[in-house]
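Have a look at the structure below before the remarks.
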Amino acid sequence: MRALIAAMGILLGWEAFVRLSEVPPFLLPSPLRVWNVLATRWDILIGHAGTTLTEILLGMLFGSLLGMSTALLLTAWRGGRRWLLPLLIASQAIPVFAIAPLLTLWMGFGLTSKIAMATIIIFFPVATAFYDGLRRTEPGWLDLATTMGASRTAILWRVRVPAALPGLASGLRVAAAVAPIGAVVGEWVGASAGLGYVMLQANGRSQTDMMFAALAILASMAMALWFLTDLLLRRMLPWQPDALSKED
Amino acid sequence: MKAPALGLTLPVIRLGGRPVLGACELRFGAGEVTALLGPSGVGKSTLLRLLAGLIPPPEGTRIAPADGRPLSGRIAWMGQQDLLMPWLDLRGNVALGARLRGERSDLRKAEELIAAVGLAGREKARPAELSGGMRQRAALARTLMEDRPFVLMDEPFSAVDAPTRHRLQGLASTLLAGRTVLLVTHDPLEALRMAHRILVLRPGATGAVADELPMPSSPPLRAATDPAVLAAQAALLDRLSEAA
């Protein structure tokens, strides 16, 4: 509710600023203008939004799976740490913007290159958060499991993994927040559909209102994705201590 | 159940170059509770962890149950913290051992033990919903669920308040009867109430040395109000102050 009021306040201030300062619409369109575009061009925008959403969701799926398996591999396989960890970090040192053209070159203008982009962006926060959680198991639990005669595999699946789930959840939340970036960057480099493509086209033709409309949809999608992920994770981990949720 | 006695021969144990335990020979009586006291850092926990198989035994260590069979796989461990897994409910926590070994867990027995520690009706509760005392009782039930002849307890009741600790000592004493128990504690009264024998570890020139203390003639569980217990408590406190 408060967020809604705050958003309304910002929109009103923006509208007032545009009217008073008489900024030309190609520099900064008023919220009403953007709304008009949203209302009249809805049929076009919704298709592009669907494309971007597909890329985001598939990127989330593949990136999370890849991130989780990497974290598990790093934990279970000692040799893997020495080989994979530097690779993991190197993969993040290369800016995604730099590899985006390559991915487009290799995988074409279609969905695949964008899903790959989103996957690469999502993979890292998920892998590191989960791996961190897997490493920081309460030592007492490991001792207890050892005295109970648990095998290494049993300790991994029945102690380490459940104990690391709150960490994994943090990684997935970050993933939900950055997933749209991957998809949109991919679309900027080369695409024939999607909100990033719409923005680029609109920008080239000085249709700033159209750009803002696409941006508004993208932002709403990103927020919806984050809140849904957060809600789902809370539902799935009811035992996770959460001191702040009691204050809300 | 009447568990066998346990003999332990130790060489000097060093952790990071510093001797933590001197060469010694200890014997824990069959079906008895042996309390191990001593100042912090003297090596009580090292001894317990060694028996639990949590640290590799140094060359020259001999861990010898009196029945001649190896110790490993025959111990149950209870630590300072309850170590309940927050994602499992009470019953799942009590039945944890079987779950970790991939065995079928005997849920009826788990429920019986939960009732025995006074937590009947809370089987589905998550650890976060239980008080500190209840959680420690759950940990006791989990230890008993393992049903091992040897039980190693590392300050099991140090984290709970005094009245709860008093009740837990009574409960544990009854439920652990017949097992060979090694109880590490900082609380002289706890040792005097629960133990058949008390060993005090004191730092020596080449690591810690264990002294056996005289005990009140009555068997455990002894009343805290027993004059013999109170006198022994005073003597034990003096002894511990000297050892520190």
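So you can find residues: chains in the structure tokens are A, B, ... in the order shown, residues in each start at 1, and ligands are numbered from 1 in order.
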
Residues within 9 Å of range 11-28 of chain A, only C-alpha atoms, excluding chain neighbours under 2 positions, as a list in words =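 Counting only C-alpha atoms, the residues come to Ala6, Ala7, Met8, Gly9, Ser30, Pro31, Leu32, Arg33, Ser206, Gln207, Thr208 and Asp209 of chain A.
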
Got a sec: who's within 12 Å of Ala179 in chain A, counting only C-alpha atoms, leaving out chain neighbours fewer than 4 positions off, as a ChimeraX atom specification?
-> /A:52-64,114-126,171-175,183-186,218-219,221-223,225-226

Using only C-alpha atoms, which residues sit within 10 Å of Leu103 in chain A once same-chain residues fewer than 2 positions away are excluded, as a PyMOL selection string?
-> chain A and resi 96+98-101+105-109+112-114+116-117+186+189-190

What residues in chain A lie within 12 Å of chain B, counting only C-alpha atoms, written as an NGL selection string?
-> :A and (137-166 or 236-242)

Could those selected residues go to a file with C-alpha atoms, as a PDB file, in the first residue's frame?
ATOM      1  CA  THR A 137      26.972 -26.148   7.699  1.00  0.00           C
ATOM      2  CA  GLU A 138      26.831 -25.953  11.493  1.00  0.00           C
ATOM      3  CA  PRO A 139      29.860 -28.087  12.537  1.00  0.00           C
ATOM      4  CA  GLY A 140      27.827 -29.652  15.359  1.00  0.00           C
ATOM      5  CA  TRP A 141      25.367 -31.126  12.858  1.00  0.00           C
ATOM      6  CA  LEU A 142      28.226 -32.682  10.915  1.00  0.00           C
ATOM      7  CA  ASP A 143      29.703 -34.127  14.127  1.00  0.00           C
ATOM      8  CA  LEU A 144      26.341 -35.505  15.156  1.00  0.00           C
ATOM      9  CA  ALA A 145      25.776 -37.061  11.725  1.00  0.00           C
ATOM     10  CA  THR A 146      29.258 -38.595  11.821  1.00  0.00           C
ATOM     11  CA  THR A 147      28.681 -40.185  15.231  1.00  0.00           C
ATOM     12  CA  MET A 148      25.404 -41.564  13.879  1.00  0.00           C
ATOM     13  CA  GLY A 149      27.313 -43.392  11.162  1.00  0.00           C
ATOM     14  CA  ALA A 150      26.085 -41.330   8.206  1.00  0.00           C
ATOM     15  CA  SER A 151      27.923 -41.702   4.897  1.00  0.00           C
ATOM     16  CA  ARG A 152      29.364 -38.684   3.076  1.00  0.00           C
ATOM     17  CA  THR A 153      26.535 -38.822   0.572  1.00  0.00           C
ATOM     18  CA  ALA A 154      23.923 -38.975   3.316  1.00  0.00           C
ATOM     19  CA  ILE A 155      25.536 -36.017   5.074  1.00  0.00           C
ATOM     20  CA  LEU A 156      25.496 -34.046   1.836  1.00  0.00           C
ATOM     21  CA  TRP A 157      21.855 -34.706   0.944  1.00  0.00           C
ATOM     22  CA  ARG A 158      20.296 -34.900   4.375  1.00  0.00           C
ATOM     23  CA  VAL A 159      22.307 -32.309   6.292  1.00  0.00           C
ATOM     24  CA  ARG A 160      24.327 -29.985   4.073  1.00  0.00           C
ATOM     25  CA  VAL A 161      21.747 -29.444   1.350  1.00  0.00           C
ATOM     26  CA  PRO A 162      18.754 -28.701   3.601  1.00  0.00           C
ATOM     27  CA  ALA A 163      20.949 -26.466   5.752  1.00  0.00           C
ATOM     28  CA  ALA A 164      22.042 -24.564   2.644  1.00  0.00           C
ATOM     29  CA  LEU A 165      18.515 -23.967   1.338  1.00  0.00           C
ATOM     30  CA  PRO A 166      18.160 -20.510   2.937  1.00  0.00           C
ATOM     31  CA  MET A 236       8.838 -23.677   0.825  1.00  0.00           C
ATOM     32  CA  LEU A 237      11.120 -22.872   3.779  1.00  0.00           C
ATOM     33  CA  PRO A 238       8.759 -22.135   6.662  1.00  0.00           C
ATOM     34  CA  TRP A 239      11.439 -23.131   9.180  1.00  0.00           C
ATOM     35  CA  GLN A 240      13.841 -20.472   8.027  1.00  0.00           C
ATOM     36  CA  PRO A 241      14.249 -17.819  10.733  1.00  0.00           C
ATOM     37  CA  ASP A 242      13.037 -14.462   9.467  1.00  0.00           C
TER      38      ASP A 242
END

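Between CA of Gly29 in chain B and CA of Val160 in chain B there is a distance of 28.1 Å.
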
Could you pull out all residues of range 17-98 of chain B with a DSSP call of strand (DSSP E or B) and give them as a list in words?
->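 The strand (DSSP E or B) subset of range 17-98 of chain B is Arg18, Pro19, Val20, Leu21, Cys24, Glu25, Leu26, Arg27, Phe28, Val33, Thr34, Ala35, Leu36, Leu37, Arg62, Ile63, Ala64, Pro65, Ile75, Ala76, Trp77 and Met78 of chain B.
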
Kindly export the residues of the current selection with C-alpha atoms, as a compact mmCIF listing (two decimals), in the first residue's frame.
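Printed below is again-v7.txt as written:
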# COMPACT_ATOMS: atom_id res chain seq x y z
CA ARG B 18 50.73 -28.06 22.45
CA PRO B 19 50.11 -31.11 24.63
CA VAL B 20 46.41 -31.22 25.57
CA LEU B 21 46.24 -34.61 27.25
CA CYS B 24 47.01 -41.83 30.86
CA GLU B 25 44.93 -44.91 31.32
CA LEU B 26 41.24 -44.45 32.03
CA ARG B 27 38.53 -46.97 32.74
CA PHE B 28 34.84 -46.30 32.54
CA VAL B 33 28.08 -42.86 34.58
CA THR B 34 31.60 -41.45 34.78
CA ALA B 35 31.74 -37.67 35.12
CA LEU B 36 34.74 -35.84 33.74
CA LEU B 37 35.49 -32.44 35.23
CA ARG B 62 43.91 -48.04 22.64
CA ILE B 63 40.16 -47.86 22.91
CA ALA B 64 39.04 -51.14 24.38
CA PRO B 65 35.47 -52.04 25.30
CA ILE B 75 28.20 -44.84 20.66
CA ALA B 76 25.57 -42.13 20.93
CA TRP B 77 26.64 -38.51 21.19
CA MET B 78 24.93 -35.61 22.93

Got a sec: who's within 10 Å of Thr128 in chain A, counting only C-alpha atoms, leaving out chain neighbours fewer than 4 positions off, as a PyMOL selection string?
-> chain A and resi 67-68+70-71+85+88-89+123-124+132-134+167-168+171

Using only C-alpha atoms, pick whichever of A:Phe227, A:Tyr197, A:Phe97, A:Trp83 has the shortest atom-to-atom distance to Ala49 in chain A.
-> A:Tyr197

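From CA of Leu48 in chain B back to CA of Leu71 in chain B, the distance works out to 12.8 Å.
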
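Note that the spacing between CA of Ser217 in chain B and CA of Val229 in chain B amounts to 9.5 Å.
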
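When the distance limit is 12 Å and only C-alpha atoms are what count, the residues near Ile44 in chain A, minus those fewer than 4 positions from it on the same chain, are Val37, Leu38, Ala39, Thr40, His48, Ala49, Gly50, Thr51, Ala193, Gly194, Leu195, Val198, Met210, Ala213 and Ala214 of chain A.
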
Dump as a PDB file, in the first residue's frame, selection limited to C-alpha atoms:
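This went into part.pdb:
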ATOM      1  CA  VAL A  37       1.158   4.521 -25.611  1.00  0.00           C
ATOM      2  CA  LEU A  38       0.654   1.586 -23.267  1.00  0.00           C
ATOM      3  CA  ALA A  39      -3.096   1.720 -23.888  1.00  0.00           C
ATOM      4  CA  THR A  40      -3.012   2.180 -27.659  1.00  0.00           C
ATOM      5  CA  HIS A  48       7.166  -8.479 -27.162  1.00  0.00           C
ATOM      6  CA  ALA A  49       6.703  -8.713 -23.413  1.00  0.00           C
ATOM      7  CA  GLY A  50       5.793 -12.375 -23.855  1.00  0.00           C
ATOM      8  CA  THR A  51       9.039 -12.986 -25.731  1.00  0.00           C
ATOM      9  CA  ALA A 193      11.431  -9.356 -30.895  1.00  0.00           C
ATOM     10  CA  GLY A 194      11.268  -8.586 -27.189  1.00  0.00           C
ATOM     11  CA  LEU A 195      11.066  -5.482 -25.021  1.00  0.00           C
ATOM     12  CA  VAL A 198      11.242  -2.420 -28.849  1.00  0.00           C
ATOM     13  CA  MET A 210       7.347   4.002 -26.451  1.00  0.00           C
ATOM     14  CA  ALA A 213       6.233   2.108 -22.006  1.00  0.00           C
ATOM     15  CA  ALA A 214       8.487  -0.888 -22.678  1.00  0.00           C
TER      16      ALA A 214
END

Could you give me the residues within range 87-144 of chain B that DSSP places in alpha helix (DSSP H), as a PyMOL selection string?
-> chain B and resi 90-94+96-101+107-116+132-144

Would you put the residues from that selection into a file with N, CA and C atoms, as an mmCIF file, in the first residue's frame?
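Okay, selection32.cif is ready:
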data_model
loop_
_atom_site.group_PDB
_atom_site.id
_atom_site.type_symbol
_atom_site.label_atom_id
_atom_site.label_comp_id
_atom_site.auth_asym_id
_atom_site.auth_seq_id
_atom_site.Cartn_x
_atom_site.Cartn_y
_atom_site.Cartn_z
ATOM 1 N N LEU B 90 9.793 -32.633 15.347
ATOM 2 C CA LEU B 90 10.371 -33.297 16.509
ATOM 3 C C LEU B 90 10.597 -34.784 16.250
ATOM 4 N N ARG B 91 9.569 -35.428 15.646
ATOM 5 C CA ARG B 91 9.702 -36.865 15.405
ATOM 6 C C ARG B 91 10.834 -37.145 14.428
ATOM 7 N N GLY B 92 10.935 -36.322 13.394
ATOM 8 C CA GLY B 92 12.005 -36.478 12.414
ATOM 9 C C GLY B 92 13.371 -36.306 13.053
ATOM 10 N N ASN B 93 13.464 -35.379 13.999
ATOM 11 C CA ASN B 93 14.726 -35.144 14.679
ATOM 12 C C ASN B 93 15.105 -36.313 15.573
ATOM 13 N N VAL B 94 14.114 -36.853 16.272
ATOM 14 C CA VAL B 94 14.399 -37.963 17.177
ATOM 15 C C VAL B 94 14.816 -39.195 16.361
ATOM 16 N N LEU B 96 16.389 -39.191 13.601
ATOM 17 C CA LEU B 96 17.395 -38.740 12.628
ATOM 18 C C LEU B 96 18.423 -39.817 12.259
ATOM 19 N N GLY B 97 18.912 -40.560 13.266
ATOM 20 C CA GLY B 97 19.994 -41.514 13.033
ATOM 21 C C GLY B 97 19.651 -42.512 11.938
ATOM 22 N N ALA B 98 18.477 -43.137 12.046
ATOM 23 C CA ALA B 98 18.070 -44.134 11.061
ATOM 24 C C ALA B 98 17.971 -43.497 9.678
ATOM 25 N N ARG B 99 17.417 -42.284 9.646
ATOM 26 C CA ARG B 99 17.264 -41.545 8.399
ATOM 27 C C ARG B 99 18.631 -41.328 7.729
ATOM 28 N N LEU B 100 19.633 -40.977 8.556
ATOM 29 C CA LEU B 100 20.962 -40.700 8.007
ATOM 30 C C LEU B 100 21.658 -41.974 7.545
ATOM 31 N N ARG B 101 21.330 -43.086 8.187
ATOM 32 C CA ARG B 101 21.964 -44.349 7.791
ATOM 33 C C ARG B 101 21.179 -45.040 6.681
ATOM 34 N N LEU B 107 9.129 -45.381 13.953
ATOM 35 C CA LEU B 107 8.428 -44.180 14.412
ATOM 36 C C LEU B 107 7.685 -44.405 15.731
ATOM 37 N N ARG B 108 7.273 -45.657 15.966
ATOM 38 C CA ARG B 108 6.572 -45.916 17.239
ATOM 39 C C ARG B 108 7.518 -45.739 18.405
ATOM 40 N N LYS B 109 8.751 -46.221 18.207
ATOM 41 C CA LYS B 109 9.739 -46.069 19.274
ATOM 42 C C LYS B 109 10.069 -44.590 19.481
ATOM 43 N N ALA B 110 10.166 -43.866 18.371
ATOM 44 C CA ALA B 110 10.431 -42.430 18.478
ATOM 45 C C ALA B 110 9.340 -41.759 19.301
ATOM 46 N N GLU B 111 8.090 -42.136 19.031
ATOM 47 C CA GLU B 111 6.981 -41.524 19.765
ATOM 48 C C GLU B 111 7.010 -41.914 21.243
ATOM 49 N N GLU B 112 7.384 -43.170 21.513
ATOM 50 C CA GLU B 112 7.496 -43.595 22.919
ATOM 51 C C GLU B 112 8.546 -42.769 23.655
ATOM 52 N N LEU B 113 9.682 -42.553 22.998
ATOM 53 C CA LEU B 113 10.757 -41.799 23.641
ATOM 54 C C LEU B 113 10.373 -40.331 23.810
ATOM 55 N N ILE B 114 9.653 -39.800 22.834
ATOM 56 C CA ILE B 114 9.187 -38.422 22.952
ATOM 57 C C ILE B 114 8.269 -38.307 24.167
ATOM 58 N N ALA B 115 7.427 -39.330 24.349
ATOM 59 C CA ALA B 115 6.551 -39.332 25.524
ATOM 60 C C ALA B 115 7.377 -39.482 26.798
ATOM 61 N N ALA B 116 8.418 -40.314 26.754
ATOM 62 C CA ALA B 116 9.242 -40.556 27.940
ATOM 63 C C ALA B 116 9.951 -39.290 28.405
ATOM 64 N N GLY B 132 14.001 -23.837 25.117
ATOM 65 C CA GLY B 132 15.344 -24.404 25.249
ATOM 66 C C GLY B 132 15.343 -25.739 25.976
ATOM 67 N N GLY B 133 14.584 -25.811 27.082
ATOM 68 C CA GLY B 133 14.517 -27.050 27.849
ATOM 69 C C GLY B 133 13.883 -28.177 27.056
ATOM 70 N N MET B 134 12.824 -27.839 26.314
ATOM 71 C CA MET B 134 12.149 -28.859 25.508
ATOM 72 C C MET B 134 13.077 -29.373 24.413
ATOM 73 N N ARG B 135 13.836 -28.451 23.848
ATOM 74 C CA ARG B 135 14.759 -28.838 22.773
ATOM 75 C C ARG B 135 15.830 -29.784 23.313
ATOM 76 N N GLN B 136 16.313 -29.507 24.514
ATOM 77 C CA GLN B 136 17.346 -30.366 25.085
ATOM 78 C C GLN B 136 16.757 -31.736 25.427
ATOM 79 N N ARG B 137 15.482 -31.741 25.852
ATOM 80 C CA ARG B 137 14.826 -33.026 26.105
ATOM 81 C C ARG B 137 14.685 -33.809 24.804
ATOM 82 N N ALA B 138 14.393 -33.079 23.719
ATOM 83 C CA ALA B 138 14.294 -33.732 22.407
ATOM 84 C C ALA B 138 15.659 -34.338 22.026
ATOM 85 N N ALA B 139 16.728 -33.586 22.337
ATOM 86 C CA ALA B 139 18.072 -34.091 22.022
ATOM 87 C C ALA B 139 18.359 -35.355 22.834
ATOM 88 N N LEU B 140 17.868 -35.385 24.071
ATOM 89 C CA LEU B 140 18.038 -36.579 24.905
ATOM 90 C C LEU B 140 17.291 -37.762 24.291
ATOM 91 N N ALA B 141 16.063 -37.488 23.825
ATOM 92 C CA ALA B 141 15.280 -38.553 23.182
ATOM 93 C C ALA B 141 16.000 -39.069 21.941
ATOM 94 N N ARG B 142 16.599 -38.163 21.173
ATOM 95 C CA ARG B 142 17.332 -38.556 19.969
ATOM 96 C C ARG B 142 18.536 -39.434 20.330
ATOM 97 N N THR B 143 19.217 -39.061 21.440
ATOM 98 C CA THR B 143 20.365 -39.847 21.902
ATOM 99 C C THR B 143 19.915 -41.253 22.300
ATOM 100 N N LEU B 144 18.774 -41.342 23.003
ATOM 101 C CA LEU B 144 18.272 -42.644 23.448
ATOM 102 C C LEU B 144 17.764 -43.481 22.283
#
